[in-house]
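Structure data follow from start.tsv (TSV, C-alpha atoms):
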chain	number	residue	atom	x	y	z
A	25	MET	CA	62.55	-21.27	-39.54
A	26	ASN	CA	66.43	-21.20	-39.27
A	27	ASP	CA	68.87	-18.25	-39.59
A	28	PHE	CA	72.26	-18.48	-41.41
A	29	SER	CA	73.87	-20.09	-38.34
A	30	GLY	CA	71.58	-23.04	-38.65
A	31	GLN	CA	69.94	-22.34	-35.28
A	32	PRO	CA	66.15	-22.09	-35.01
A	33	LYS	CA	65.01	-18.47	-35.16
A	34	ALA	CA	62.69	-17.26	-32.36
A	35	THR	CA	59.22	-16.19	-33.47
A	36	VAL	CA	58.24	-12.71	-32.26
A	37	PRO	CA	54.48	-12.11	-32.21
A	38	LEU	CA	53.48	-8.97	-34.11
A	39	GLU	CA	50.61	-8.18	-31.69
A	40	PRO	CA	50.11	-9.25	-28.09
A	41	ARG	CA	47.23	-11.58	-27.32
A	42	TYR	CA	44.11	-9.93	-25.84
A	43	GLU	CA	44.44	-11.83	-22.55
A	44	GLU	CA	48.01	-10.61	-22.09
A	45	ALA	CA	47.39	-7.04	-23.23
A	46	ASP	CA	44.29	-6.49	-21.08
A	47	THR	CA	45.86	-6.65	-17.64
A	48	VAL	CA	43.01	-4.70	-15.94
A	49	LYS	CA	40.12	-7.00	-15.09
A	50	ALA	CA	36.50	-6.00	-14.69
A	51	GLU	CA	36.67	-6.92	-11.01
A	52	ASP	CA	39.61	-4.53	-10.58
A	53	VAL	CA	37.60	-1.67	-12.09
A	54	ARG	CA	34.62	-2.52	-9.88
A	55	SER	CA	36.76	-2.64	-6.73
A	56	TYR	CA	38.45	0.66	-7.60
A	57	LEU	CA	35.14	2.48	-8.15
A	58	LEU	CA	33.72	1.09	-4.92
A	59	LYS	CA	36.78	2.33	-3.02
A	60	HIS	CA	36.71	5.71	-4.79
A	61	PRO	CA	33.03	6.72	-5.09
A	62	GLU	CA	34.14	10.32	-5.81
A	63	PHE	CA	35.83	9.24	-9.09
A	64	PHE	CA	33.05	10.55	-11.34
A	65	ASN	CA	32.97	13.80	-9.40
A	66	HIS	CA	36.51	14.42	-10.61
A	67	HIS	CA	35.75	13.19	-14.14
A	68	PRO	CA	32.17	14.33	-14.88
A	69	ASP	CA	32.75	14.24	-18.64
A	70	LEU	CA	32.91	10.46	-18.51
A	71	LEU	CA	29.33	10.19	-17.29
A	72	GLU	CA	27.87	11.54	-20.52
A	73	ARG	CA	30.32	9.68	-22.73
A	74	MET	CA	29.66	6.27	-21.15
A	75	HIS	CA	26.71	4.36	-22.64
A	76	ILE	CA	25.15	1.31	-21.08
A	77	PRO	CA	23.23	-1.38	-23.03
A	78	HIS	CA	19.51	-1.20	-22.23
A	79	GLN	CA	16.92	-3.83	-23.16
A	80	GLN	CA	14.16	-1.35	-24.03
A	81	LYS	CA	16.09	1.77	-25.05
A	82	GLY	CA	19.08	0.31	-26.86
A	83	SER	CA	21.84	2.35	-25.22
A	84	VAL	CA	21.60	5.04	-22.54
A	85	SER	CA	24.09	7.25	-20.73
A	86	LEU	CA	25.16	6.36	-17.23
A	87	VAL	CA	23.45	9.48	-15.90
A	88	GLU	CA	20.17	8.49	-17.55
A	89	LEU	CA	20.46	4.95	-16.25
A	90	GLN	CA	21.10	6.18	-12.70
A	91	SER	CA	18.16	8.58	-12.93
A	92	GLU	CA	15.88	5.77	-14.06
A	93	GLN	CA	17.06	3.54	-11.22
A	94	TYR	CA	16.45	6.33	-8.70
A	95	ARG	CA	12.95	6.90	-10.09
A	96	LYS	CA	12.22	3.16	-9.89
A	97	LYS	CA	13.45	3.02	-6.30
A	98	LEU	CA	11.37	6.09	-5.45
A	99	ARG	CA	8.24	4.46	-6.92
A	100	GLN	CA	8.91	1.34	-4.85
A	101	LEU	CA	9.36	3.39	-1.68
A	102	ASN	CA	6.15	5.33	-2.36
A	103	TYR	CA	4.27	2.07	-2.92
A	104	LYS	CA	5.54	0.65	0.39
A	105	LEU	CA	4.71	3.89	2.17
A	106	ASN	CA	1.15	3.84	0.80
A	107	GLN	CA	0.83	0.24	1.96
A	108	LEU	CA	1.97	1.17	5.47
A	109	ILE	CA	-0.44	4.12	5.56
A	110	GLY	CA	-3.28	1.82	4.43
A	111	VAL	CA	-2.45	-0.74	7.14
A	112	ALA	CA	-2.22	2.00	9.77
A	113	LYS	CA	-5.65	3.37	8.80
A	114	GLN	CA	-7.16	-0.11	8.90
A	115	ASN	CA	-5.61	-0.80	12.31
A	116	GLU	CA	-6.95	2.49	13.62
A	117	LYS	CA	-10.43	1.60	12.37
A	118	ILE	CA	-10.28	-1.82	14.04
A	119	TYR	CA	-9.01	-0.31	17.28
A	120	ARG	CA	-11.88	2.20	17.36
A	121	VAL	CA	-14.44	-0.53	16.62
A	122	TYR	CA	-13.21	-2.69	19.50
A	123	THR	CA	-12.99	0.28	21.87
A	124	ASP	CA	-16.60	1.28	21.15
A	125	LEU	CA	-17.71	-2.36	21.40
A	126	ASN	CA	-16.20	-2.79	24.87
A	127	VAL	CA	-18.04	0.28	26.14
A	128	GLN	CA	-21.35	-0.96	24.72
A	129	LEU	CA	-20.91	-4.43	26.24
A	130	LEU	CA	-20.76	-2.90	29.71
A	131	THR	CA	-24.41	-1.84	29.32
A	132	CYS	CA	-25.77	-5.23	28.16
A	133	LYS	CA	-28.42	-6.85	30.36
A	134	SER	CA	-28.22	-10.46	29.12
A	135	VAL	CA	-25.95	-12.89	27.30
A	136	ALA	CA	-28.37	-12.78	24.38
A	137	GLU	CA	-27.91	-9.00	24.20
A	138	ILE	CA	-24.13	-9.49	24.23
A	139	GLN	CA	-24.49	-11.95	21.36
A	140	LEU	CA	-26.52	-9.43	19.33
A	141	LYS	CA	-24.06	-6.63	20.05
A	142	LEU	CA	-21.09	-8.78	18.98
A	143	GLU	CA	-22.88	-9.72	15.77
A	144	GLU	CA	-23.84	-6.13	15.05
A	145	VAL	CA	-20.31	-4.80	15.46
A	146	LEU	CA	-18.02	-7.60	14.30
A	147	GLN	CA	-20.11	-8.81	11.39
A	148	GLU	CA	-21.47	-5.52	10.10
A	149	GLN	CA	-18.49	-3.24	10.74
A	150	LEU	CA	-15.56	-5.65	10.33
A	151	SER	CA	-17.23	-7.94	7.76
A	152	LEU	CA	-16.62	-11.13	9.73
A	153	SER	CA	-18.91	-14.01	8.88
A	154	ALA	CA	-19.86	-15.44	12.27
A	155	VAL	CA	-19.86	-14.63	15.99
A	156	VAL	CA	-21.03	-17.02	18.71
A	157	ILE	CA	-21.02	-17.29	22.51
A	158	ARG	CA	-20.97	-20.80	23.94
A	159	MET	CA	-21.38	-21.04	27.71
A	160	PHE	CA	-20.18	-24.03	29.75
A	161	LYS	CA	-22.98	-23.81	32.31
A	162	GLY	CA	-26.71	-23.34	32.08
A	163	PRO	CA	-29.52	-24.75	29.92
A	164	LEU	CA	-27.82	-23.94	26.58
A	165	ALA	CA	-24.34	-25.04	27.67
A	166	LEU	CA	-22.13	-27.27	25.56
A	167	PRO	CA	-22.20	-30.93	26.61
A	168	GLU	CA	-19.44	-31.58	29.17
A	169	LEU	CA	-17.54	-34.09	26.99
A	170	GLN	CA	-17.42	-31.72	24.01
A	171	ARG	CA	-16.50	-28.81	26.26
A	172	LYS	CA	-13.57	-30.78	27.65
A	173	LEU	CA	-12.35	-31.81	24.20
A	174	ILE	CA	-12.37	-28.24	22.90
A	175	THR	CA	-10.84	-26.76	26.05
A	176	GLU	CA	-8.01	-29.31	26.24
A	177	LYS	CA	-7.30	-29.17	22.52
A	178	ARG	CA	-7.62	-25.44	21.79
A	179	PHE	CA	-6.85	-23.75	25.13
A	180	LYS	CA	-4.10	-25.98	26.46
A	181	GLN	CA	-1.36	-23.35	26.27
A	182	SER	CA	-3.32	-20.10	25.88
A	183	SER	CA	-6.75	-18.60	26.41
A	184	PHE	CA	-6.81	-17.75	22.68
A	185	PHE	CA	-6.82	-19.87	19.55
A	186	PHE	CA	-6.35	-18.65	15.97
A	187	GLY	CA	-6.56	-20.84	12.90
A	188	ARG	CA	-8.74	-23.59	11.51
A	189	LEU	CA	-11.06	-26.03	13.22
A	190	SER	CA	-12.00	-29.56	12.32
A	191	GLN	CA	-15.32	-30.01	10.57
A	192	HIS	CA	-16.84	-31.44	13.76
A	193	GLU	CA	-15.66	-28.44	15.82
A	194	LYS	CA	-16.98	-25.96	13.27
A	195	GLN	CA	-20.38	-27.62	13.24
A	196	LEU	CA	-20.47	-27.78	17.03
A	197	LEU	CA	-19.58	-24.11	17.57
A	198	PHE	CA	-20.76	-22.30	14.44
A	199	GLY	CA	-23.41	-24.56	12.94
A	200	ASP	CA	-23.86	-23.71	9.26
A	201	GLN	CA	-22.18	-20.30	9.48
A	202	ALA	CA	-18.98	-19.77	7.46
A	203	ALA	CA	-15.91	-20.23	9.66
A	204	ASP	CA	-12.99	-21.23	7.45
A	205	SER	CA	-10.64	-19.60	9.94
A	206	VAL	CA	-11.54	-18.65	13.50
A	207	ALA	CA	-10.54	-16.79	16.63
A	208	LEU	CA	-11.60	-18.48	19.88
A	209	ILE	CA	-11.56	-16.55	23.16
A	210	SER	CA	-11.83	-18.48	26.39
A	211	LEU	CA	-13.86	-16.95	29.20
A	212	GLY	CA	-13.32	-17.38	32.94
A	213	GLU	CA	-10.27	-17.32	35.18
A	214	LYS	CA	-9.62	-21.01	34.50
A	215	ASN	CA	-11.13	-21.21	30.99
A	216	ASP	CA	-14.22	-22.66	32.68
A	217	MET	CA	-16.99	-20.14	31.96
A	218	GLY	CA	-17.40	-20.35	28.19
A	219	LEU	CA	-15.95	-19.11	24.94
A	220	VAL	CA	-16.49	-16.59	22.18
A	221	GLY	CA	-15.94	-17.74	18.63
A	222	VAL	CA	-15.38	-15.37	15.72
A	223	GLY	CA	-15.38	-16.86	12.22
A	224	SER	CA	-14.19	-15.62	8.83
A	225	ALA	CA	-15.01	-16.92	5.37
A	226	ASP	CA	-11.36	-16.25	4.50
A	227	ALA	CA	-9.24	-19.26	5.44
A	228	THR	CA	-6.19	-17.00	5.93
A	229	HIS	CA	-7.84	-14.26	8.00
A	230	PHE	CA	-7.04	-15.71	11.43
A	231	THR	CA	-3.54	-17.17	11.80
A	232	PRO	CA	-1.60	-18.47	14.84
A	233	ASP	CA	0.83	-15.53	14.81
A	234	MET	CA	-1.85	-12.88	15.33
A	235	ASP	CA	-1.60	-10.28	18.08
A	236	THR	CA	-4.06	-10.70	20.99
A	237	LEU	CA	-4.11	-7.12	22.32
A	238	LEU	CA	-7.62	-6.12	21.18
A	239	LEU	CA	-9.15	-9.53	21.86
A	240	LYS	CA	-7.53	-9.54	25.29
A	241	GLN	CA	-9.40	-6.34	26.10
A	242	LEU	CA	-12.65	-7.88	24.84
A	243	GLN	CA	-11.97	-10.96	26.97
A	244	GLN	CA	-11.42	-8.83	30.10
A	245	VAL	CA	-14.67	-6.93	29.58
A	246	LEU	CA	-16.66	-10.15	29.08
A	247	ASN	CA	-15.05	-11.71	32.15
A	248	ILE	CA	-16.47	-8.80	34.13
A	249	VAL	CA	-19.93	-8.58	32.53
A	250	VAL	CA	-20.95	-12.22	31.98
A	251	PRO	CA	-20.58	-13.56	35.57
A	252	ASP	CA	-22.94	-10.89	36.92
A	253	LEU	CA	-25.51	-11.70	34.23
A	254	LEU	CA	-25.39	-15.44	34.94
A	255	GLY	CA	-25.02	-15.17	38.73
A	256	TYR	CA	-21.59	-16.83	38.85

Could you show the structure in this file as structure tokens?
Amino acid sequence: MNDFSGQPKATVPLEPRYEEADTVKAEDVRSYLLKHPEFFNHHPDLLERMHIPHQQKGSVSLVELQSEQYRKKLRQLNYKLNQLIGVAKQNEKIYRVYTDLNVQLLTCKSVAEIQLKLEEVLQEQLSLSAVVIRMFKGPLALPELQRKLITEKRFKQSSFFFGRLSQHEKQLLFGDQAADSVALISLGEKNDMGLVGVGSADATHFTPDMDTLLLKQLQQVLNIVVPDLLGY
């Protein structure tokens, strides 16, 4: 379009474009509110006037949304607290069971009596599926070759093993008893006296990262009691 001078006439937009008019970006608002958390304290009327889209409730005020988030967080914290309390109670029960067991083992008069006491406590009170004692000497000892294989494979770096055994090892130590995951405890100063095997029907019950504190105490008691019973 030309004016009377014949020169092109500049076009003046009647309204600014949205991108040009809206110079404050969402990120700017977010940054400002993060730097000034007291903003709504100075402008409390905005809290009730602001409405946030909500999937279930259509639109809710910011105060209502915050309250709901706080309630949700509180429920989550209560759930975690109840879990921790449950774990603590279970750990206390297990600790008491092992403490009583260690005292009772000190009065046993034979390895067979130790076996029965372990079965009575660990299977009946802790719901484990199998408990066995396998000695390395004596008439019921494991064959030397099998003893060596188990000792070198399972007790090479520690006197404890947690996890799963091969089918041959399970059959050798536990027979037909369920032992989908096991805890093995070596006996003797040099892992040369025998072992205790505890089996669970749960394949995830015994894992390599388990703590050995309670089983260490059981091991120490058996290392005192068993040699006297067998004349070592």

Near stretch 180-192 of chain A, counting only C-alpha atoms, which residues have an atom at most 12 Å away, once you skip same-chain residues fewer than 6 positions from it, shown as a PyMOL selection string? chain A and resi 170+172-174+198-240+242-244

Got time to write the residues from that selection, C-alpha atoms, as an mmCIF file, in the frame of the given file?
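Below is the file that was written, result-v4.cif:
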data_model
loop_
_atom_site.group_PDB
_atom_site.id
_atom_site.type_symbol
_atom_site.label_atom_id
_atom_site.label_comp_id
_atom_site.auth_asym_id
_atom_site.auth_seq_id
_atom_site.Cartn_x
_atom_site.Cartn_y
_atom_site.Cartn_z
ATOM 1 C CA GLN A 170 -17.420 -31.720 24.010
ATOM 2 C CA LYS A 172 -13.570 -30.780 27.650
ATOM 3 C CA LEU A 173 -12.350 -31.810 24.200
ATOM 4 C CA ILE A 174 -12.370 -28.240 22.900
ATOM 5 C CA PHE A 198 -20.760 -22.300 14.440
ATOM 6 C CA GLY A 199 -23.410 -24.560 12.940
ATOM 7 C CA ASP A 200 -23.860 -23.710 9.260
ATOM 8 C CA GLN A 201 -22.180 -20.300 9.480
ATOM 9 C CA ALA A 202 -18.980 -19.770 7.460
ATOM 10 C CA ALA A 203 -15.910 -20.230 9.660
ATOM 11 C CA ASP A 204 -12.990 -21.230 7.450
ATOM 12 C CA SER A 205 -10.640 -19.600 9.940
ATOM 13 C CA VAL A 206 -11.540 -18.650 13.500
ATOM 14 C CA ALA A 207 -10.540 -16.790 16.630
ATOM 15 C CA LEU A 208 -11.600 -18.480 19.880
ATOM 16 C CA ILE A 209 -11.560 -16.550 23.160
ATOM 17 C CA SER A 210 -11.830 -18.480 26.390
ATOM 18 C CA LEU A 211 -13.860 -16.950 29.200
ATOM 19 C CA GLY A 212 -13.320 -17.380 32.940
ATOM 20 C CA GLU A 213 -10.270 -17.320 35.180
ATOM 21 C CA LYS A 214 -9.620 -21.010 34.500
ATOM 22 C CA ASN A 215 -11.130 -21.210 30.990
ATOM 23 C CA ASP A 216 -14.220 -22.660 32.680
ATOM 24 C CA MET A 217 -16.990 -20.140 31.960
ATOM 25 C CA GLY A 218 -17.400 -20.350 28.190
ATOM 26 C CA LEU A 219 -15.950 -19.110 24.940
ATOM 27 C CA VAL A 220 -16.490 -16.590 22.180
ATOM 28 C CA GLY A 221 -15.940 -17.740 18.630
ATOM 29 C CA VAL A 222 -15.380 -15.370 15.720
ATOM 30 C CA GLY A 223 -15.380 -16.860 12.220
ATOM 31 C CA SER A 224 -14.190 -15.620 8.830
ATOM 32 C CA ALA A 225 -15.010 -16.920 5.370
ATOM 33 C CA ASP A 226 -11.360 -16.250 4.500
ATOM 34 C CA ALA A 227 -9.240 -19.260 5.440
ATOM 35 C CA THR A 228 -6.190 -17.000 5.930
ATOM 36 C CA HIS A 229 -7.840 -14.260 8.000
ATOM 37 C CA PHE A 230 -7.040 -15.710 11.430
ATOM 38 C CA THR A 231 -3.540 -17.170 11.800
ATOM 39 C CA PRO A 232 -1.600 -18.470 14.840
ATOM 40 C CA ASP A 233 0.830 -15.530 14.810
ATOM 41 C CA MET A 234 -1.850 -12.880 15.330
ATOM 42 C CA ASP A 235 -1.600 -10.280 18.080
ATOM 43 C CA THR A 236 -4.060 -10.700 20.990
ATOM 44 C CA LEU A 237 -4.110 -7.120 22.320
ATOM 45 C CA LEU A 238 -7.620 -6.120 21.180
ATOM 46 C CA LEU A 239 -9.150 -9.530 21.860
ATOM 47 C CA LYS A 240 -7.530 -9.540 25.290
ATOM 48 C CA LEU A 242 -12.650 -7.880 24.840
ATOM 49 C CA GLN A 243 -11.970 -10.960 26.970
ATOM 50 C CA GLN A 244 -11.420 -8.830 30.100
#

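Of note, atom CA of A:Gly255 and atom CA of A:Lys133 are spaced 12.3 Å apart.
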
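The gap separating atom CA of A:Lys96 from atom CA of A:Asp52 is 28.5 Å, in Å to one decimal.
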
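Atom CA of A:Tyr119 is found 15.1 Å from atom CA of A:Val245.
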
Residues near stretch 130-132 of chain A, cut-off 12 Å, all atoms listed in the file, skip fewer than 6 positions along chain, as a PyMOL selection string: chain A and resi 123-124+138-142+242+244-250+252-253

Counting only C-alpha atoms, the residue among A:Val145, A:Leu254, A:Leu101, A:Leu129 that lies closest to A:Pro163 is A:Leu254

Find the residue from A:Leu152, A:Arg178, A:Ala112, A:Tyr103 that sits nearest to A:Glu193; use all atoms listed in the file when measuring. A:Arg178
